[in-house]
file target26.txt (compact mmCIF, C-alpha atoms and all ligand atoms)
# COMPACT_ATOMS: atom_id res chain seq x y z
CA MET A 1 -66.69 42.62 174.14
CA ASN A 2 -65.50 43.22 170.65
CA GLY A 3 -63.09 40.93 168.84
CA LYS A 4 -59.70 41.37 170.50
CA GLY A 5 -61.35 43.65 173.03
CA HIS A 6 -60.73 41.17 175.84
CA ASP A 7 -63.07 42.87 178.28
CA ASN A 8 -63.01 39.71 180.36
CA ALA A 9 -59.31 39.09 180.06
CA GLY A 10 -57.91 38.31 183.46
CA ALA A 11 -61.27 38.91 185.10
CA GLY A 12 -61.50 35.39 186.50
CA ALA A 13 -63.62 32.45 185.37
CA PRO A 14 -66.83 33.45 183.61
CA ALA A 15 -70.11 32.75 185.36
CA ARG A 16 -72.53 30.18 183.91
CA GLY A 17 -74.81 32.92 182.61
CA ASP A 18 -71.94 34.33 180.54
CA TYR A 19 -72.27 31.45 178.10
CA VAL A 20 -74.57 31.86 175.15
CA LEU A 21 -73.80 28.53 173.49
CA GLU A 22 -72.40 25.36 175.01
CA ALA A 23 -71.52 21.99 173.55
CA ARG A 24 -71.41 19.10 175.98
CA ASP A 25 -69.70 15.91 174.91
CA LEU A 26 -71.09 16.50 171.46
CA ALA A 27 -70.73 13.81 168.81
CA ARG A 28 -71.92 13.39 165.25
CA ARG A 29 -71.37 10.25 163.24
CA PHE A 30 -72.22 9.74 159.58
CA LYS A 31 -72.82 6.39 157.97
CA VAL A 32 -71.07 6.16 154.63
CA GLY A 33 -70.71 3.58 151.90
CA SER A 34 -73.98 1.86 152.65
CA SER A 35 -75.13 -0.04 149.64
CA PHE A 36 -76.80 -3.36 149.04
CA LEU A 37 -73.51 -5.27 149.35
CA ALA A 38 -71.24 -3.09 151.44
CA THR A 39 -71.46 -2.81 155.21
CA PRO A 40 -71.81 0.88 156.10
CA GLN A 41 -68.83 2.51 157.75
CA VAL A 42 -69.05 5.28 160.29
CA VAL A 43 -67.30 8.65 160.05
CA ARG A 44 -66.81 10.23 163.47
CA ALA A 45 -66.93 13.80 162.25
CA VAL A 46 -67.27 15.30 165.73
CA ASP A 47 -66.38 13.08 168.64
CA GLY A 48 -66.86 14.23 172.21
CA VAL A 49 -66.52 18.00 171.89
CA SER A 50 -67.19 20.21 174.91
CA LEU A 51 -66.98 23.93 174.29
CA SER A 52 -68.44 27.14 175.68
CA VAL A 53 -69.07 30.31 173.72
CA ARG A 54 -69.14 33.41 175.90
CA ARG A 55 -71.58 36.21 175.33
CA GLY A 56 -70.01 38.93 173.19
CA GLU A 57 -66.79 37.14 172.35
CA THR A 58 -65.31 35.98 169.07
CA LEU A 59 -64.37 32.33 169.34
CA ALA A 60 -62.38 30.82 166.50
CA ILE A 61 -62.31 27.15 165.56
CA VAL A 62 -59.27 26.07 163.59
CA GLY A 63 -57.91 22.81 162.21
CA GLU A 64 -56.97 21.00 159.04
CA SER A 65 -59.49 20.13 156.36
CA GLY A 66 -61.85 17.36 157.39
CA CYS A 67 -61.31 17.69 161.15
CA GLY A 68 -64.99 18.44 161.78
CA LYS A 69 -65.19 22.25 161.96
CA SER A 70 -68.21 22.65 159.68
CA THR A 71 -70.00 19.73 161.29
CA LEU A 72 -69.46 21.31 164.71
CA ALA A 73 -70.80 24.64 163.42
CA ARG A 74 -73.91 22.98 162.05
CA LEU A 75 -74.44 21.16 165.33
CA LEU A 76 -74.14 24.39 167.31
CA LEU A 77 -76.83 25.97 165.12
CA ARG A 78 -78.92 22.79 165.24
CA LEU A 79 -78.81 22.58 161.46
CA LEU A 80 -77.73 19.01 162.27
CA ARG A 81 -78.88 16.86 165.13
CA PRO A 82 -76.15 15.35 167.28
CA SER A 83 -75.67 11.59 167.52
CA SER A 84 -75.06 12.15 171.22
CA GLY A 85 -74.30 14.97 173.62
CA GLN A 86 -76.03 18.31 174.04
CA VAL A 87 -76.08 21.85 172.68
CA LEU A 88 -77.28 24.51 175.10
CA TYR A 89 -78.45 27.91 173.94
CA ASP A 90 -78.84 30.35 176.83
CA GLY A 91 -78.80 27.34 179.14
CA THR A 92 -81.60 25.48 177.31
CA ASP A 93 -80.84 22.15 175.68
CA ILE A 94 -81.74 22.57 172.01
CA SER A 95 -80.30 19.29 170.76
CA ASP A 96 -83.68 17.58 170.80
CA LEU A 97 -86.02 20.54 170.56
CA PRO A 98 -88.95 19.96 168.17
CA GLU A 99 -88.53 21.81 164.87
CA ARG A 100 -91.52 24.07 165.65
CA GLU A 101 -89.86 25.41 168.80
CA MET A 102 -86.48 25.50 167.10
CA ARG A 103 -87.86 27.80 164.40
CA ARG A 104 -88.47 30.48 167.03
CA LEU A 105 -84.80 30.36 168.03
CA ARG A 106 -83.40 30.29 164.52
CA LYS A 107 -83.63 34.04 164.17
CA ASP A 108 -81.16 34.32 167.07
CA LEU A 109 -78.62 31.94 165.52
CA GLN A 110 -77.46 32.81 162.03
CA PHE A 111 -74.91 31.42 159.63
CA ILE A 112 -72.56 33.12 157.16
CA PHE A 113 -71.48 30.74 154.44
CA GLN A 114 -68.07 30.39 152.90
CA ASP A 115 -69.02 30.58 149.28
CA PRO A 116 -70.82 33.80 148.35
CA PHE A 117 -71.27 32.43 144.82
CA SER A 118 -73.42 29.42 145.71
CA SER A 119 -75.08 30.60 148.92
CA LEU A 120 -77.35 33.23 147.33
CA ASN A 121 -80.35 32.13 145.29
CA PRO A 122 -79.56 33.34 141.73
CA ARG A 123 -83.26 33.67 140.86
CA MET A 124 -84.07 36.07 143.69
CA THR A 125 -83.30 39.77 143.75
CA VAL A 126 -80.95 41.01 146.44
CA GLY A 127 -83.91 42.70 148.14
CA ALA A 128 -85.91 39.48 148.25
CA ILE A 129 -82.88 37.56 149.55
CA VAL A 130 -82.36 39.97 152.45
CA GLU A 131 -86.09 40.29 153.17
CA GLU A 132 -86.83 36.56 153.21
CA PRO A 133 -85.75 35.85 156.82
CA MET A 134 -87.81 38.84 158.00
CA ARG A 135 -90.89 37.44 156.29
CA VAL A 136 -90.26 33.97 157.70
CA HIS A 137 -89.90 35.29 161.25
CA GLY A 138 -92.68 37.88 161.00
CA ILE A 139 -90.41 40.89 161.37
CA GLY A 140 -91.81 44.21 160.11
CA THR A 141 -94.66 44.52 157.65
CA ARG A 142 -94.90 44.26 153.90
CA ALA A 143 -94.85 48.07 153.82
CA SER A 144 -91.94 48.57 156.23
CA ARG A 145 -89.59 45.83 155.06
CA PRO A 146 -88.26 47.48 151.87
CA GLN A 147 -86.98 50.36 153.98
CA GLN A 148 -85.45 47.91 156.47
CA VAL A 149 -83.75 46.10 153.58
CA ALA A 150 -82.41 49.40 152.22
CA ASP A 151 -81.03 50.31 155.66
CA LEU A 152 -79.35 46.91 155.99
CA LEU A 153 -77.78 47.13 152.54
CA ARG A 154 -76.41 50.55 153.33
CA ARG A 155 -75.12 49.30 156.66
CA VAL A 156 -73.07 46.58 155.00
CA GLY A 157 -71.58 49.07 152.54
CA LEU A 158 -73.91 48.57 149.54
CA ARG A 159 -76.26 50.96 147.79
CA ALA A 160 -79.95 50.69 148.62
CA GLU A 161 -80.87 50.49 144.93
CA TYR A 162 -78.94 47.22 144.60
CA ALA A 163 -82.06 45.61 146.10
CA ASN A 164 -83.48 45.33 142.58
CA ARG A 165 -80.49 43.51 141.13
CA TYR A 166 -79.52 39.83 141.06
CA PRO A 167 -76.56 38.14 142.78
CA HIS A 168 -74.66 37.45 139.53
CA GLU A 169 -74.25 41.21 139.03
CA PHE A 170 -71.96 41.45 142.05
CA SER A 171 -68.37 40.62 142.97
CA GLY A 172 -67.43 38.07 145.62
CA GLY A 173 -66.92 40.67 148.33
CA GLN A 174 -70.24 42.34 147.57
CA ARG A 175 -72.05 39.00 147.59
CA GLN A 176 -70.56 38.25 150.97
CA ARG A 177 -71.90 41.62 152.15
CA ILE A 178 -75.35 40.61 150.86
CA GLY A 179 -75.02 37.32 152.80
CA ILE A 180 -74.11 39.28 155.92
CA ALA A 181 -77.08 41.64 155.47
CA ARG A 182 -79.35 38.59 155.19
CA ALA A 183 -77.82 37.04 158.31
CA LEU A 184 -78.47 40.31 160.19
CA ALA A 185 -82.01 40.74 158.89
CA CYS A 186 -83.79 39.16 161.82
CA GLY A 187 -81.64 40.61 164.58
CA PRO A 188 -79.51 37.60 165.54
CA ARG A 189 -77.53 37.26 168.75
CA VAL A 190 -75.00 34.74 167.48
CA LEU A 191 -73.35 34.66 164.06
CA ILE A 192 -71.40 31.60 162.99
CA GLY A 193 -69.14 32.19 160.01
CA ASP A 194 -67.85 29.08 158.28
CA GLU A 195 -64.73 30.36 156.50
CA PRO A 196 -66.58 33.63 155.75
CA VAL A 197 -63.66 35.28 153.96
CA SER A 198 -61.55 32.44 152.63
CA ALA A 199 -63.08 32.58 149.14
CA LEU A 200 -62.18 36.27 148.79
CA ASP A 201 -59.03 38.03 147.64
CA VAL A 202 -56.80 39.18 150.48
CA SER A 203 -57.56 42.92 150.19
CA ILE A 204 -61.30 42.20 150.10
CA GLN A 205 -60.92 39.84 153.06
CA ALA A 206 -59.65 42.74 155.14
CA GLN A 207 -62.72 44.84 154.28
CA VAL A 208 -65.18 42.09 155.10
CA ILE A 209 -63.35 41.23 158.33
CA ASN A 210 -63.47 44.86 159.34
CA LEU A 211 -67.17 45.05 158.52
CA LEU A 212 -67.89 41.97 160.63
CA GLU A 213 -66.05 43.50 163.56
CA GLU A 214 -67.97 46.77 163.29
CA LEU A 215 -71.30 44.95 163.06
CA LYS A 216 -70.41 42.74 165.97
CA ALA A 217 -69.90 45.78 168.19
CA GLU A 218 -72.91 47.67 166.82
CA PHE A 219 -75.39 44.79 167.10
CA ASP A 220 -73.91 43.29 170.27
CA LEU A 221 -73.24 39.98 168.57
CA THR A 222 -71.36 36.87 169.60
CA LEU A 223 -69.24 35.48 166.80
CA VAL A 224 -68.05 31.95 166.17
CA LEU A 225 -65.52 32.00 163.40
CA ILE A 226 -64.32 28.96 161.52
CA ALA A 227 -61.15 29.65 159.61
CA HIS A 228 -58.03 27.95 158.45
CA ASP A 229 -56.14 31.22 158.09
CA LEU A 230 -54.11 31.89 161.22
CA ALA A 231 -53.74 35.61 160.41
CA VAL A 232 -57.52 36.07 160.20
CA ILE A 233 -57.98 34.22 163.47
CA ARG A 234 -55.31 36.17 165.30
CA HIS A 235 -56.79 39.43 164.12
CA MET A 236 -60.40 38.70 164.97
CA SER A 237 -60.75 36.27 167.81
CA ASP A 238 -60.65 36.49 171.58
CA ARG A 239 -60.27 32.76 172.08
CA VAL A 240 -59.30 29.83 169.87
CA ALA A 241 -60.29 26.15 169.90
CA VAL A 242 -58.01 23.85 167.90
CA MET A 243 -59.57 20.71 166.40
CA TYR A 244 -57.94 17.52 165.25
CA LEU A 245 -59.88 14.54 163.88
CA GLY A 246 -63.19 15.42 165.49
CA GLU A 247 -61.78 16.47 168.87
CA ILE A 248 -60.68 19.71 170.50
CA VAL A 249 -57.03 19.36 171.43
CA GLU A 250 -56.33 22.84 172.76
CA GLN A 251 -58.30 25.90 173.74
CA GLY A 252 -57.27 29.26 175.11
CA GLU A 253 -57.09 33.01 174.85
CA THR A 254 -55.80 33.94 171.38
CA ASP A 255 -52.62 35.86 172.11
CA THR A 256 -51.48 33.40 174.78
CA LEU A 257 -52.15 30.46 172.53
CA TYR A 258 -50.31 32.04 169.61
CA ASP A 259 -47.34 33.02 171.74
CA ALA A 260 -47.03 29.68 173.52
CA PRO A 261 -48.98 26.81 171.96
CA LEU A 262 -48.94 23.83 174.30
CA HIS A 263 -50.26 20.97 172.16
CA PRO A 264 -47.79 19.50 169.63
CA TYR A 265 -50.47 19.82 166.94
CA THR A 266 -51.06 23.52 167.69
CA GLN A 267 -47.32 24.02 167.66
CA ALA A 268 -47.19 22.46 164.21
CA LEU A 269 -50.03 24.72 162.99
CA MET A 270 -48.20 27.77 164.27
CA ARG A 271 -45.14 26.74 162.29
CA ALA A 272 -47.36 26.43 159.24
CA ILE A 273 -46.62 28.38 156.10
CA PRO A 274 -49.88 29.77 154.78
CA ILE A 275 -50.58 28.76 151.22
CA PRO A 276 -50.66 31.96 149.13
CA SER A 277 -53.87 31.24 147.22
CA PRO A 278 -56.83 32.70 149.09
CA ARG A 279 -58.98 29.95 147.60
CA SER A 280 -56.83 27.19 149.04
CA ARG A 281 -58.57 25.59 151.99
CA LYS A 282 -55.54 23.68 153.18
CA VAL A 283 -53.44 24.37 156.20
CA ASP A 284 -49.85 23.41 155.54
CA SER A 285 -48.97 22.30 159.03
CA GLY A 286 -45.46 21.18 158.21
CA LEU A 287 -46.37 17.80 159.66
CA THR A 288 -45.34 14.56 158.06
CA GLY A 289 -48.01 12.08 157.06
CA ASP A 290 -51.65 12.59 156.23
CA VAL A 291 -54.46 13.14 158.68
CA PRO A 292 -55.68 9.61 159.49
CA SER A 293 -59.11 8.65 158.20
CA PRO A 294 -62.00 9.62 160.48
CA LEU A 295 -63.45 6.21 159.52
CA ALA A 296 -60.76 4.58 161.66
CA PRO A 297 -59.17 7.14 163.95
CA PRO A 298 -56.02 5.93 165.74
CA PRO A 299 -56.50 4.60 169.29
CA GLY A 300 -55.19 6.55 172.26
CA CYS A 301 -54.25 10.07 171.25
CA ARG A 302 -55.45 10.57 167.69
CA PHE A 303 -52.40 12.65 166.93
CA HIS A 304 -49.89 9.96 167.90
CA THR A 305 -49.25 8.84 164.32
CA ARG A 306 -47.81 12.27 163.50
CA CYS A 307 -46.58 13.56 166.84
CA PRO A 308 -42.85 14.04 167.45
CA LEU A 309 -43.38 13.55 171.22
CA ALA A 310 -45.51 10.38 171.06
CA SER A 311 -44.69 7.74 173.69
CA GLY A 312 -46.16 4.38 174.67
CA ILE A 313 -49.07 5.81 176.67
CA CYS A 314 -50.09 8.01 173.73
CA LYS A 315 -50.88 4.93 171.65
CA VAL A 316 -53.31 3.47 174.15
CA GLU A 317 -54.76 6.21 176.34
CA ARG A 318 -56.82 9.07 175.03
CA PRO A 319 -55.65 12.25 176.80
CA PRO A 320 -58.55 14.24 178.30
CA LEU A 321 -58.94 17.94 177.55
CA ALA A 322 -57.67 19.23 180.89
CA THR A 323 -57.42 22.74 182.32
CA VAL A 324 -53.72 23.50 182.72
CA ALA A 325 -53.85 27.24 183.43
CA HIS A 326 -56.39 30.03 183.63
CA ASP A 327 -58.59 29.79 180.54
CA ARG A 328 -56.30 27.22 178.98
CA MET A 329 -57.13 23.60 178.14
CA VAL A 330 -54.94 20.99 176.50
CA ALA A 331 -55.43 17.32 175.61
CA CYS A 332 -51.91 15.91 175.72
CA HIS A 333 -50.09 13.52 178.04
CA HIS A 334 -46.86 15.43 177.54
CA TRP A 335 -47.95 19.06 177.30
CA GLU A 336 -45.33 20.16 179.84
CA GLU A 337 -42.60 18.63 177.71
CA ALA A 338 -44.12 20.33 174.66
CA ARG A 339 -44.14 23.64 176.53
CA ALA A 340 -40.47 23.24 177.42
CA GLY A 341 -39.69 22.90 173.73
CA ILE A 342 -41.32 26.18 172.67
CA PRO A 343 -38.63 28.30 171.02
CA SER A 344 -38.18 31.86 172.23
CA ALA A 345 -39.35 34.67 169.92
CA ALA A 346 -35.73 35.26 168.88
CA GLU A 347 -35.36 31.62 167.86
CA THR A 348 -38.58 31.48 165.90
CA PRO A 349 -37.81 31.64 162.19
CA ALA A 350 -39.62 34.93 161.54
CA HIS A 351 -42.84 33.24 162.61
CA SER A 352 -44.35 32.93 159.17
CA HIS A 353 -43.67 36.23 157.40
CA ALA A 354 -46.70 35.89 155.15
CA ALA A 355 -49.16 35.48 158.03
CA GLU A 356 -47.62 38.37 159.94
CA ARG A 357 -47.83 40.63 156.87
CA ARG A 358 -51.51 39.85 156.42
CA PHE A 359 -52.14 40.30 160.13
CA ALA A 360 -50.55 43.76 159.81
CA LEU A 361 -52.69 44.49 156.74
CA TYR A 362 -55.89 43.60 158.61
CA ARG A 363 -54.87 45.87 161.46
CA GLU A 364 -54.23 48.76 159.08
CA HIS A 365 -57.63 48.32 157.49
CA SER A 366 -59.17 48.07 160.89
CA LEU A 367 -57.66 51.36 161.96
CA ALA A 368 -58.49 53.10 158.69
CA GLY A 369 -62.11 51.95 158.80
CA THR A 370 -64.15 50.86 155.81
CA ALA A 371 -66.90 53.42 155.69
CA ALA A 372 -66.71 53.62 151.93
CA ALA A 373 -65.75 49.99 151.49
CA SER A 374 -67.42 48.46 148.52
CA ASP A 375 -64.92 46.64 146.38
CA ARG A 376 -66.57 46.98 142.99
CA THR A 377 -69.59 48.84 141.78
CA PRO A 378 -71.52 46.75 139.29
N1 LIG E 401 -73.04 14.50 155.42
C1 LIG E 401 -71.92 13.81 155.56
N2 LIG E 401 -71.88 12.49 155.26
C2 LIG E 401 -70.74 11.78 155.41
N3 LIG E 401 -69.58 12.28 155.89
C3 LIG E 401 -69.57 13.58 156.20
C4 LIG E 401 -70.73 14.41 156.06
N4 LIG E 401 -70.41 15.66 156.46
C5 LIG E 401 -69.11 15.62 156.83
N5 LIG E 401 -68.60 14.37 156.68
C6 LIG E 401 -67.24 13.93 156.98
O1 LIG E 401 -66.95 14.34 158.31
C7 LIG E 401 -65.62 14.79 158.41
C8 LIG E 401 -65.60 16.22 158.91
O2 LIG E 401 -66.12 17.04 157.88
P1 LIG E 401 -66.27 18.62 158.03
O3 LIG E 401 -66.87 19.12 156.77
O4 LIG E 401 -67.00 18.92 159.29
O5 LIG E 401 -64.75 19.06 158.17
P2 LIG E 401 -64.11 20.53 158.08
O6 LIG E 401 -63.15 20.62 159.21
O7 LIG E 401 -65.17 21.54 157.98
O8 LIG E 401 -63.29 20.45 156.71
P3 LIG E 401 -62.96 21.63 155.65
O9 LIG E 401 -61.88 22.45 156.31
O10 LIG E 401 -62.47 20.90 154.46
O11 LIG E 401 -64.21 22.40 155.41
C9 LIG E 401 -64.98 14.61 157.04
O12 LIG E 401 -64.33 13.35 157.01
C10 LIG E 401 -66.18 14.58 156.12
O13 LIG E 401 -65.92 13.81 154.98
S1 LIG E 402 -50.71 12.81 173.87
FE1 LIG E 402 -48.79 12.03 173.05
S2 LIG E 402 -49.18 11.76 170.85
FE2 LIG E 402 -50.79 13.05 171.67
S3 LIG E 402 -50.11 15.10 171.29
FE3 LIG E 402 -49.47 14.58 173.35
S4 LIG E 402 -47.40 13.76 173.13
FE4 LIG E 402 -48.31 13.78 171.10
MG MG E 403 -65.69 22.98 156.54

call {"tool": "encode", "arguments": {"input": "target26.txt", "output": "structure tokens", "more": "lines below"}}
Ligand SMILES: Nc1ncnc2c1ncn2[C@@H]1O[C@H](COP(=O)(O)OP(=O)(O)OP(=O)(O)O)[C@@H](O)[C@H]1O
Ligand code: SF4
Ligand SMILES: [Mg+2]
result
Amino acid sequence: MNGKGHDNAGAGAPARGDYVLEARDLARRFKVGSSFLATPQVVRAVDGVSLSVRRGETLAIVGESGCGKSTLARLLLRLLRPSSGQVLYDGTDISDLPEREMRRLRKDLQFIFQDPFSSLNPRMTVGAIVEEPMRVHGIGTRASRPQQVADLLRRVGLRAEYANRYPHEFSGGQRQRIGIARALACGPRVLIGDEPVSALDVSIQAQVINLLEELKAEFDLTLVLIAHDLAVIRHMSDRVAVMYLGEIVEQGETDTLYDAPLHPYTQALMRAIPIPSPRSRKVDSGLTGDVPSPLAPPPGCRFHTRCPLASGICKVERPPLATVAHDRMVACHHWEEARAGIPSAAETPAHSHAAERRFALYREHSLAGTAAASDRTP
């Protein structure tokens, strides 16, 4: 299934073997502020997340800054060990796997970083950067790898001779292409992109998004996409998981979730006005009040301090993430009331013009293709 391909849409519940990655009641806490005098406090960055990633899909994870998206991504790739809970890759629990065994699996699970300026080693040539994972995982030979690197560079829209240059000679979009070539170098099955385009200008974003979609289809990849930009998510993903303060509060098929968000927090996100700067990492949710501190999350429903529908039960009882329809999960005591309040399309105030315009732009680029896409030749 390609992003937005929805091969499985309406095909019934997926079988167990359809899952490539699973999180089960996953939690990660960080101790902070520990010093000689101060008692350490605990940040609950990810707190009881259960999530399944289906083979071949694009799953997006969205939420405000600090809600635990990057921590969840690092847990899924076992770049971080969980405090509790499990991560299953192809049905095998990898949360406690010894590093030696984990190394074998790392080639299957690759990461694309947000910042193409800091994620590439400035002292290595582009060729060495892309070749490194092949060397580490014993792919190819010293003689064959330069050709493999050249092929990969060409595949991501760069010239093969760029292999001899250094990262500082390239623009942001080109560096992100180098990062993608590196992530592809050892033939991964799952790519996790942590805000892979949010540091790029909007027109370059569309090219990189399009490239990722082409590569996903060509290399039969599964994609987990972390993004704060609702237009990017709508364009690319098959399903969306919405996070708030370390928890997943809603999950469902992308178009359904966009058309009828059931959790009051998702509804607020959908009303959000995207901030014009592509470098801004904030989601303007239109909500009053700040996100509470993950050092002391509110009891009951964590959203109750900002929720327009909060009632007495919300302050004391944590709502479970419950299945409320086919492929749809919500953690809210009053989701039916929230659903009743969804405005019709005609009543929606132009549903965020800016996001819709960018969504349209991504679609245009997608249809036009990016065969010659390379945003700046150094
Ligand atoms: N190594 C760490 N030590 C202490 N606290 C951490 C650490 N990593 C993350 N946190 C805290 O955990 C919480 C979740 O952080 P995380 O980076 O996962 O959020 P995020 O959703 O990716 O945010 P952003 O959108 O800003 O990237 C934050 O409060 C953050 O300060
Ligand atoms: S459980 Fe209560 S506070 Fe939480 S989102 Fe639902 S209505 Fe709002
Ligand atoms: Mg992050």

call {"tool": "atom_distance", "arguments": {"input": "target26.txt", "atom1": "atom CA of A:Pro98", "atom2": "atom CA of A:Ser83"}}
result
15.7 Å

call {"tool": "residues_around", "arguments": {"input": "target26.txt", "residues": "stretch 186-198 of chain A", "least_positions_apart": "3", "cutoff": "6 Å", "atoms": "all atoms listed in the file", "output": "ChimeraX atom specification"}}
result
/A:107-114,134,205,221-227,278

call {"tool": "residues_around", "arguments": {"input": "target26.txt", "residues": "stretch 23-26 of chain A", "least_positions_apart": "4", "cutoff": "6 Å", "atoms": "only C-alpha atoms", "output": "PyMOL selection string"}}
result
chain A and resi 48-51+84-87

call {"tool": "write_last_selection", "arguments": {"input": "target26.txt", "atoms": "C-alpha atoms", "output": "PDB file, in the frame of the given file"}}
result
ATOM      1  CA  GLY A  48     -66.860  14.230 172.210  1.00  0.00           C
ATOM      2  CA  VAL A  49     -66.520  18.000 171.890  1.00  0.00           C
ATOM      3  CA  SER A  50     -67.190  20.210 174.910  1.00  0.00           C
ATOM      4  CA  LEU A  51     -66.980  23.930 174.290  1.00  0.00           C
ATOM      5  CA  SER A  84     -75.060  12.150 171.220  1.00  0.00           C
ATOM      6  CA  GLY A  85     -74.300  14.970 173.620  1.00  0.00           C
ATOM      7  CA  GLN A  86     -76.030  18.310 174.040  1.00  0.00           C
ATOM      8  CA  VAL A  87     -76.080  21.850 172.680  1.00  0.00           C
TER       9      VAL A  87
END

call {"tool": "residues_near_ligand", "arguments": {"input": "target26.txt", "ligand": "ligand LIG 401 (chain E)", "cutoff": "7 Å", "atoms": "only C-alpha atoms and all ligand atoms", "output": "ChimeraX atom specification"}}
result
/A:30-32,43-45,63-72,281,294

call {"tool": "closest_residue", "arguments": {"input": "target26.txt", "among": "A:Gly138, A:Gly312, A:Pro146, A:Gly246", "to": "ligand MG 403 (chain E)", "atoms": "only C-alpha atoms and all ligand atoms"}}
result
A:Gly246

call {"tool": "closest_residue", "arguments": {"input": "target26.txt", "among": "A:Ala340, A:Leu200, A:Leu257, A:Ala128", "to": "A:Ala181", "atoms": "all atoms listed in the file"}}
result
A:Ala128

call {"tool": "residues_around", "arguments": {"input": "target26.txt", "residues": "A:Val242", "least_positions_apart": "2", "cutoff": "12 Å", "atoms": "all atoms listed in the file", "output": "PyMOL selection string"}}
result
chain A and resi 49+51+59-64+67-69+225-228+230+233+239-240+244-254+257-258+261-270+321+328-331

call {"tool": "residues_near_point", "arguments": {"input": "target26.txt", "point": "(-74.8, 45.1, 172.3)", "cutoff": "10 Å", "atoms": "only C-alpha atoms", "output": "list in words"}}
result
Met1, Asn2, Arg55, Gly56, Arg189, Leu215, Lys216, Ala217, Glu218, Phe219, Asp220, Leu221 and Thr222 of chain A

call {"tool": "residues_near_ligand", "arguments": {"input": "target26.txt", "ligand": "ligand LIG 402 (chain E)", "cutoff": "6 Å", "atoms": "all atoms listed in the file", "output": "list in words"}}
result
His263, Pro264, Cys301, Phe303, His304, Cys307, Leu309, Ala310, Ser311, Cys314, Pro319, Cys332, His333 and His334 of chain A

call {"tool": "atom_distance", "arguments": {"input": "target26.txt", "atom1": "atom CA of A:Gly179", "atom2": "atom CA of A:Leu21"}}
result
22.5 Å

call {"tool": "closest_residue", "arguments": {"input": "target26.txt", "among": "A:Arg135, A:Arg104, A:Asp151, A:Ala73", "to": "ligand MG 403 (chain E)", "atoms": "only C-alpha atoms and all ligand atoms"}}
result
A:Ala73

call {"tool": "closest_residue", "arguments": {"input": "target26.txt", "among": "A:Gly140, A:Ala322, A:Ile313, A:Met243", "to": "ligand MG 403 (chain E)", "atoms": "all atoms listed in the file"}}
result
A:Met243

call {"tool": "atom_distance", "arguments": {"input": "target26.txt", "atom1": "atom CA of A:Met102", "atom2": "atom CA of A:Arg145"}}
result
23.8 Å

call {"tool": "closest_residue", "arguments": {"input": "target26.txt", "among": "A:Glu132, A:Asp115, A:Glu336, A:Asp96", "to": "A:Arg81", "atoms": "all atoms listed in the file"}}
result
A:Asp96

call {"tool": "closest_residue", "arguments": {"input": "target26.txt", "among": "A:Arg100, A:Arg54, A:Arg74, A:Arg28", "to": "ligand MG 403 (chain E)", "atoms": "all atoms listed in the file"}}
result
A:Arg74

call {"tool": "residues_around", "arguments": {"input": "target26.txt", "residues": "stretch 160-177 of chain A", "least_positions_apart": "4", "cutoff": "9 Å", "atoms": "only C-alpha atoms", "output": "ChimeraX atom specification"}}
result
/A:112-117,120-130,146-147,149-154,156,181-182,196-197,199-201,204-205,207-208,211,374-378

call {"tool": "decode", "arguments": {"input": "target26.txt", "residues": "stretch 236-246 of chain A", "atoms": "N, CA and C atoms", "output": "compact mmCIF listing (two decimals), in the first residue's frame"}}
result
# COMPACT_ATOMS: atom_id res chain seq x y z
N MET A 236 0.02 12.57 3.02
CA MET A 236 0.88 11.38 2.97
C MET A 236 0.34 10.14 3.67
N SER A 237 -0.47 10.32 4.71
CA SER A 237 -0.68 9.17 5.58
C SER A 237 -1.97 8.41 5.32
N ASP A 238 -1.93 7.14 5.64
CA ASP A 238 -3.13 6.30 5.58
C ASP A 238 -3.90 6.37 6.89
N ARG A 239 -3.13 6.39 7.99
CA ARG A 239 -3.77 6.47 9.31
C ARG A 239 -3.03 7.50 10.15
N VAL A 240 -3.73 8.01 11.16
CA VAL A 240 -3.16 9.04 12.03
C VAL A 240 -3.36 8.64 13.48
N ALA A 241 -2.32 8.85 14.30
CA ALA A 241 -2.45 8.72 15.76
C ALA A 241 -2.19 10.10 16.35
N VAL A 242 -3.10 10.56 17.19
CA VAL A 242 -2.98 11.89 17.79
C VAL A 242 -2.50 11.73 19.23
N MET A 243 -1.41 12.44 19.56
CA MET A 243 -0.85 12.33 20.93
C MET A 243 -1.11 13.59 21.72
N TYR A 244 -1.32 13.39 23.01
CA TYR A 244 -1.42 14.52 23.93
C TYR A 244 -0.77 14.11 25.24
N LEU A 245 0.22 14.86 25.67
CA LEU A 245 0.91 14.61 26.94
C LEU A 245 1.28 13.15 27.17
N GLY A 246 1.94 12.57 26.20
CA GLY A 246 2.47 11.21 26.36
C GLY A 246 1.50 10.09 26.05
